[in-house]
Amino acid sequence: MRFLHTADLHIGKRVRGFSLKEEQERALEHIVRIACEKRVDAIVVAGDVYDKPVPPTWALGALEHFLEQATDAGITVIMIAGNHDSAERLAFGARFMSAERVCIAQPFSGEPQFIDLDSATGAARFHLIPFVRPVHVRAAYPEEAERISSYTDALACAAHHQPLRDDAANVLVAHQFVVDGETKPETCESETIVVGGLDSVEARVFDAFDYVALGHIHGPQRVRRDTVRYSGSLYPYSFSEAGRQKHVDIVDIDESGNAQVTSVPLPEERTLREVRGTFEDLRAAAQTDAHADDYLHITLEDEALMDAMAKVREFYPNVMQLDFAHDAQAFTGDTQEVAHNVRKRDPLSVVSDYYEQQAGEALSEQQRELLHVIIEEARQEEEGGAQ
């Protein structure tokens with residue numbers, strides 16, 4: 001049995017006001033292309049299919065196109081809901097789509113959910129546990145409620161009720177924050193993690209399964225053993241992921257549960273990057289930058305630059321965030337040093353730069369004129385008070 005493991009598609013997501021529609025649609029097409037080239041029997045999506053419980057209309061179309069491409073190629077698609085999804089909305093029509101090779105987990109109810117697949121090379125049972133909280137598991141198994149106080153207890157209970165097969169590989173598909181004792185997975189800024197790790201699940205509760213296809217953490221990695229894995233997200237959704245190659249996992253597993261995992265990188269077209277330098281250096285570099293349309297976090301090393309965001313976007317059009325290096329350095333000092341650095345600058349430039357960083361656009365001429373008047377009035381009042 002060969003399947004492709006991916007997760008955290010977050011279709012419909014916006015990053016700092018920018019739509020990622022084109023990037024996500026292309027990435028989904030790449031996944032189907034890889035699945036076809038590798039001749040997989042199934043594509044497994046381990047949650048966070050959408051970015052919001054009620055996704056934009058184009059996101060629905062993107063998923064529909066993805067499913068159509070995969071099933072037309074004879075590939076089964078298995079999906080569960082993550083914490084960003086509405087399990088009820090995601091599962092709409094699932095009973096009808098199952099006949100067309102689309103298997104979507106229903107909202108967690110305690111009733112075991114699984115899919116049996118057979119191929120020329122073996123058989124596997126895919127056990128589906130969509131994102132759950134302890135309260136859901138206690139409600140599903142009231143007779144065991146007193147023993148369920150943590151996420152680990154909840155997932156241990158849910159996993160225990162999954163019927164394992166002796167004559168096939170057992171693959172679990174789940175969407176949780178899985179840890180191995182004190183060893184926690186490496187996280188990114190774009191993830192939703194509960195402070196203090198109260199939502200963590202000990203990986204040992206999944207020891208009965210031959211492979212565990214996880215979603216929730218956006219960086220690809222293993223937990224406890226090579227066959228408990230996060231595939232990572234479809235796309236870098238924060239600058240903490242900039243420079244990290246995204247990929248999908250191809251899993252070959254036999255009926256005895258022996259698994260081999262091969263990571264296949266997703267092609268990088270327009271992605272997130274961090275760039276640093278003076279304005280003139282960056283302008284010169286942009287002339288030969290084949291990826292000048294990437295989504296950028298730029299740190300300028302100039303002391304000051306009026307209308308910085310608008311000027312930089314003339315040659316790097318997709319700047320998502322712009323900072324000044326001297327501002328970052330100033331804030332590493334004490335409060336008096338920070339105040340001293342700010343006072344050295346013209347108040348209009350300070351407010352203008354701050355507005356650009358927050359709003360992603362420069363002040364209009366009308367706003368600048370109004371701000372100038374306010375600053376002058378404040379300065380005159382201050383001088384009059386001093387006299």
# chains A, B, ... in the order shown; residues from 1 in each chain; ligands from 1
call {"tool": "residues_around", "arguments": {"residues": "Lys184 (chain A)", "least_positions_apart": "3", "cutoff": "10 Å", "atoms": "only C-alpha atoms", "output": "list in words"}}
result
Phe177, Val178, Val179, Asp180, Gly181, Thr187, Gly197, Ser200, Glu202, Val223 and Arg224 of chain A
call {"tool": "select_by_dssp", "arguments": {"residues": "region 33-174 of chain A", "states": "helix (DSSP H, G or I)", "output": "ChimeraX atom specification"}}
result
/A:33-37,57-72,87-90,94-100,134-140,142-147,151-160
call {"tool": "residues_around", "arguments": {"residues": "Ser98 (chain A)", "least_positions_apart": "4", "cutoff": "10 Å", "atoms": "only C-alpha atoms", "output": "list in words"}}
result
Thr76, Val77, Ile78, Gly93, Ala94, Val102, Cys103 and Ile104 of chain A
call {"tool": "write_last_selection", "arguments": {"atoms": "N, CA and C atoms", "output": "mmCIF file, in the first residue's frame"}}
result
data_model
loop_
_atom_site.group_PDB
_atom_site.id
_atom_site.type_symbol
_atom_site.label_atom_id
_atom_site.label_comp_id
_atom_site.auth_asym_id
_atom_site.auth_seq_id
_atom_site.Cartn_x
_atom_site.Cartn_y
_atom_site.Cartn_z
ATOM 1 N N THR A 76 -7.840 7.564 -4.190
ATOM 2 C CA THR A 76 -8.754 7.819 -3.071
ATOM 3 C C THR A 76 -8.218 8.971 -2.231
ATOM 4 N N VAL A 77 -9.103 9.855 -1.788
ATOM 5 C CA VAL A 77 -8.725 10.963 -0.915
ATOM 6 C C VAL A 77 -9.386 10.759 0.449
ATOM 7 N N ILE A 78 -8.578 10.785 1.500
ATOM 8 C CA ILE A 78 -9.055 10.606 2.869
ATOM 9 C C ILE A 78 -8.772 11.887 3.644
ATOM 10 N N GLY A 93 -22.045 16.038 2.580
ATOM 11 C CA GLY A 93 -22.022 15.251 1.358
ATOM 12 C C GLY A 93 -21.069 14.073 1.385
ATOM 13 N N ALA A 94 -20.412 13.834 2.518
ATOM 14 C CA ALA A 94 -19.393 12.779 2.587
ATOM 15 C C ALA A 94 -19.965 11.399 2.266
ATOM 16 N N VAL A 102 -13.900 9.678 -2.314
ATOM 17 C CA VAL A 102 -13.635 10.763 -1.369
ATOM 18 C C VAL A 102 -14.175 10.343 -0.011
ATOM 19 N N CYS A 103 -13.288 10.154 0.963
ATOM 20 C CA CYS A 103 -13.664 9.674 2.290
ATOM 21 C C CYS A 103 -13.367 10.767 3.322
ATOM 22 N N ILE A 104 -14.408 11.375 3.867
ATOM 23 C CA ILE A 104 -14.261 12.475 4.823
ATOM 24 C C ILE A 104 -14.825 12.040 6.166
#
call {"tool": "closest_residue", "arguments": {"among": "A:Ala286, A:Ala70, A:Val275, A:Val40", "to": "Ser119 (chain A)", "atoms": "only C-alpha atoms"}}
result
A:Val40
call {"tool": "residues_around", "arguments": {"residues": "Ala208 (chain A)", "least_positions_apart": "4", "cutoff": "10 Å", "atoms": "only C-alpha atoms", "output": "list of chain:residue names"}}
result
A:Ala159, A:His160, A:Leu164, A:Asn170, A:Val171, A:Leu172, A:Arg204, A:Val212
call {"tool": "residues_around", "arguments": {"residues": "Glu22 (chain A)", "least_positions_apart": "6", "cutoff": "12 Å", "atoms": "only C-alpha atoms", "output": "compact mmCIF listing (two decimals) with all heavy atoms, in the first residue's frame"}}
result
# COMPACT_ATOMS: atom_id res chain seq x y z
N ILE A 11 -6.71 26.17 3.15
CA ILE A 11 -7.21 26.81 1.94
C ILE A 11 -8.08 28.01 2.33
O ILE A 11 -8.95 27.91 3.19
CB ILE A 11 -8.03 25.83 1.09
CG1 ILE A 11 -7.22 24.54 0.82
CG2 ILE A 11 -8.44 26.47 -0.23
CD1 ILE A 11 -8.02 23.47 0.13
N GLY A 12 -7.80 29.14 1.69
CA GLY A 12 -8.53 30.38 1.99
C GLY A 12 -7.78 31.31 2.92
O GLY A 12 -8.27 32.40 3.23
N LYS A 13 -6.61 30.92 3.36
CA LYS A 13 -5.86 31.74 4.32
C LYS A 13 -5.33 33.01 3.68
O LYS A 13 -4.93 33.03 2.52
CB LYS A 13 -4.68 30.94 4.90
CG LYS A 13 -3.95 31.68 6.03
CD LYS A 13 -2.89 30.81 6.66
CE LYS A 13 -2.19 31.53 7.81
NZ LYS A 13 -3.10 31.84 8.92
N ARG A 14 -5.32 34.07 4.47
CA ARG A 14 -4.68 35.34 4.10
C ARG A 14 -3.54 35.59 5.08
O ARG A 14 -3.67 35.32 6.28
CB ARG A 14 -5.67 36.50 4.16
CG ARG A 14 -6.85 36.36 3.19
CD ARG A 14 -7.81 37.52 3.33
NE ARG A 14 -7.24 38.77 2.87
CZ ARG A 14 -7.28 39.20 1.61
NH1 ARG A 14 -7.88 38.46 0.68
NH2 ARG A 14 -6.74 40.35 1.27
N LEU A 28 -1.87 22.69 -4.55
CA LEU A 28 -2.79 21.55 -4.60
C LEU A 28 -2.60 20.76 -5.89
O LEU A 28 -2.64 19.52 -5.90
CB LEU A 28 -4.23 22.04 -4.47
CG LEU A 28 -4.64 22.58 -3.09
CD1 LEU A 28 -6.02 23.23 -3.16
CD2 LEU A 28 -4.63 21.48 -2.04
N GLU A 29 -2.39 21.47 -7.00
CA GLU A 29 -2.13 20.79 -8.27
C GLU A 29 -0.83 20.00 -8.22
O GLU A 29 -0.73 18.90 -8.76
CB GLU A 29 -2.11 21.80 -9.41
CG GLU A 29 -3.48 22.40 -9.71
CD GLU A 29 -3.44 23.42 -10.82
OE1 GLU A 29 -2.32 23.77 -11.26
OE2 GLU A 29 -4.52 23.89 -11.25
N TRP A 58 -14.08 30.87 -3.08
CA TRP A 58 -13.04 30.35 -3.97
C TRP A 58 -12.33 29.15 -3.34
O TRP A 58 -11.86 28.26 -4.06
CB TRP A 58 -12.03 31.43 -4.33
CG TRP A 58 -11.06 31.84 -3.26
CD1 TRP A 58 -11.13 32.95 -2.47
CD2 TRP A 58 -9.86 31.15 -2.88
NE1 TRP A 58 -10.06 32.97 -1.61
CE2 TRP A 58 -9.26 31.89 -1.84
CE3 TRP A 58 -9.24 29.98 -3.31
CZ2 TRP A 58 -8.07 31.50 -1.23
CZ3 TRP A 58 -8.05 29.58 -2.70
CH2 TRP A 58 -7.48 30.34 -1.67
N ALA A 59 -12.26 29.10 -2.01
CA ALA A 59 -11.62 27.97 -1.33
C ALA A 59 -12.42 26.68 -1.55
O ALA A 59 -11.84 25.60 -1.71
CB ALA A 59 -11.46 28.26 0.16
N ALA A 62 -11.53 25.53 -4.95
CA ALA A 62 -10.17 24.98 -5.02
C ALA A 62 -10.14 23.55 -4.50
O ALA A 62 -9.49 22.67 -5.08
CB ALA A 62 -9.21 25.86 -4.21
N TYR A 235 2.07 25.33 2.67
CA TYR A 235 2.74 26.56 2.25
C TYR A 235 3.26 27.24 3.52
O TYR A 235 2.71 27.05 4.60
CB TYR A 235 1.71 27.45 1.53
CG TYR A 235 2.27 28.68 0.85
CD1 TYR A 235 2.83 28.60 -0.41
CD2 TYR A 235 2.23 29.92 1.48
CE1 TYR A 235 3.34 29.72 -1.05
CE2 TYR A 235 2.72 31.06 0.85
CZ TYR A 235 3.28 30.95 -0.41
OH TYR A 235 3.80 32.07 -1.04
N GLU A 269 7.51 28.40 -5.89
CA GLU A 269 7.36 29.45 -6.88
C GLU A 269 7.40 30.79 -6.15
O GLU A 269 8.45 31.30 -5.82
CB GLU A 269 6.07 29.21 -7.67
CG GLU A 269 6.15 27.89 -8.47
CD GLU A 269 4.86 27.53 -9.16
OE1 GLU A 269 3.90 28.32 -9.11
OE2 GLU A 269 4.81 26.44 -9.77
N ARG A 270 6.25 31.35 -5.85
CA ARG A 270 6.24 32.57 -5.04
C ARG A 270 6.09 32.17 -3.58
O ARG A 270 5.12 31.54 -3.20
CB ARG A 270 5.10 33.49 -5.48
CG ARG A 270 5.11 34.83 -4.75
CD ARG A 270 4.32 35.87 -5.50
NE ARG A 270 2.95 35.43 -5.76
CZ ARG A 270 2.12 36.06 -6.60
NH1 ARG A 270 2.54 37.12 -7.27
NH2 ARG A 270 0.89 35.62 -6.79
N THR A 271 7.05 32.53 -2.76
CA THR A 271 7.04 32.10 -1.37
C THR A 271 7.34 33.26 -0.44
O THR A 271 7.43 34.42 -0.88
CB THR A 271 8.07 30.96 -1.17
OG1 THR A 271 7.92 30.42 0.15
CG2 THR A 271 9.49 31.44 -1.36
call {"tool": "atom_distance", "arguments": {"atom1": "CA of Ile253 (chain A)", "atom2": "CA of Gly122 (chain A)"}}
result
7.9 Å
call {"tool": "residues_around", "arguments": {"residues": "Val15 (chain A)", "least_positions_apart": "6", "cutoff": "10 Å", "atoms": "only C-alpha atoms", "output": "PyMOL selection string"}}
result
chain A and resi 190+236-239+295+320
call {"tool": "residues_around", "arguments": {"residues": "Val44 (chain A)", "least_positions_apart": "6", "cutoff": "8 Å", "atoms": "only C-alpha atoms", "output": "list of chain:residue names"}}
result
A:Phe3, A:Leu4, A:His5, A:Thr6, A:Ala7, A:Val77, A:Ile78, A:Met79, A:Val173, A:Ala213
call {"tool": "write_last_selection", "arguments": {"atoms": "C-alpha atoms", "output": "PDB file, in the first residue's frame"}}
result
ATOM      1  CA  PHE A   3      -0.186   6.693   0.146  1.00  0.00           C
ATOM      2  CA  LEU A   4       0.680  10.386   0.224  1.00  0.00           C
ATOM      3  CA  HIS A   5       0.505  12.132   3.602  1.00  0.00           C
ATOM      4  CA  THR A   6      -0.144  15.871   3.737  1.00  0.00           C
ATOM      5  CA  ALA A   7      -1.928  18.229   6.141  1.00  0.00           C
ATOM      6  CA  VAL A  77      -8.725  10.963  -0.915  1.00  0.00           C
ATOM      7  CA  ILE A  78      -9.055  10.606   2.869  1.00  0.00           C
ATOM      8  CA  MET A  79      -9.634  13.735   4.955  1.00  0.00           C
ATOM      9  CA  VAL A 173      -5.011   9.910  10.844  1.00  0.00           C
ATOM     10  CA  ALA A 213      -0.339  10.622   9.902  1.00  0.00           C
TER      11      ALA A 213
END
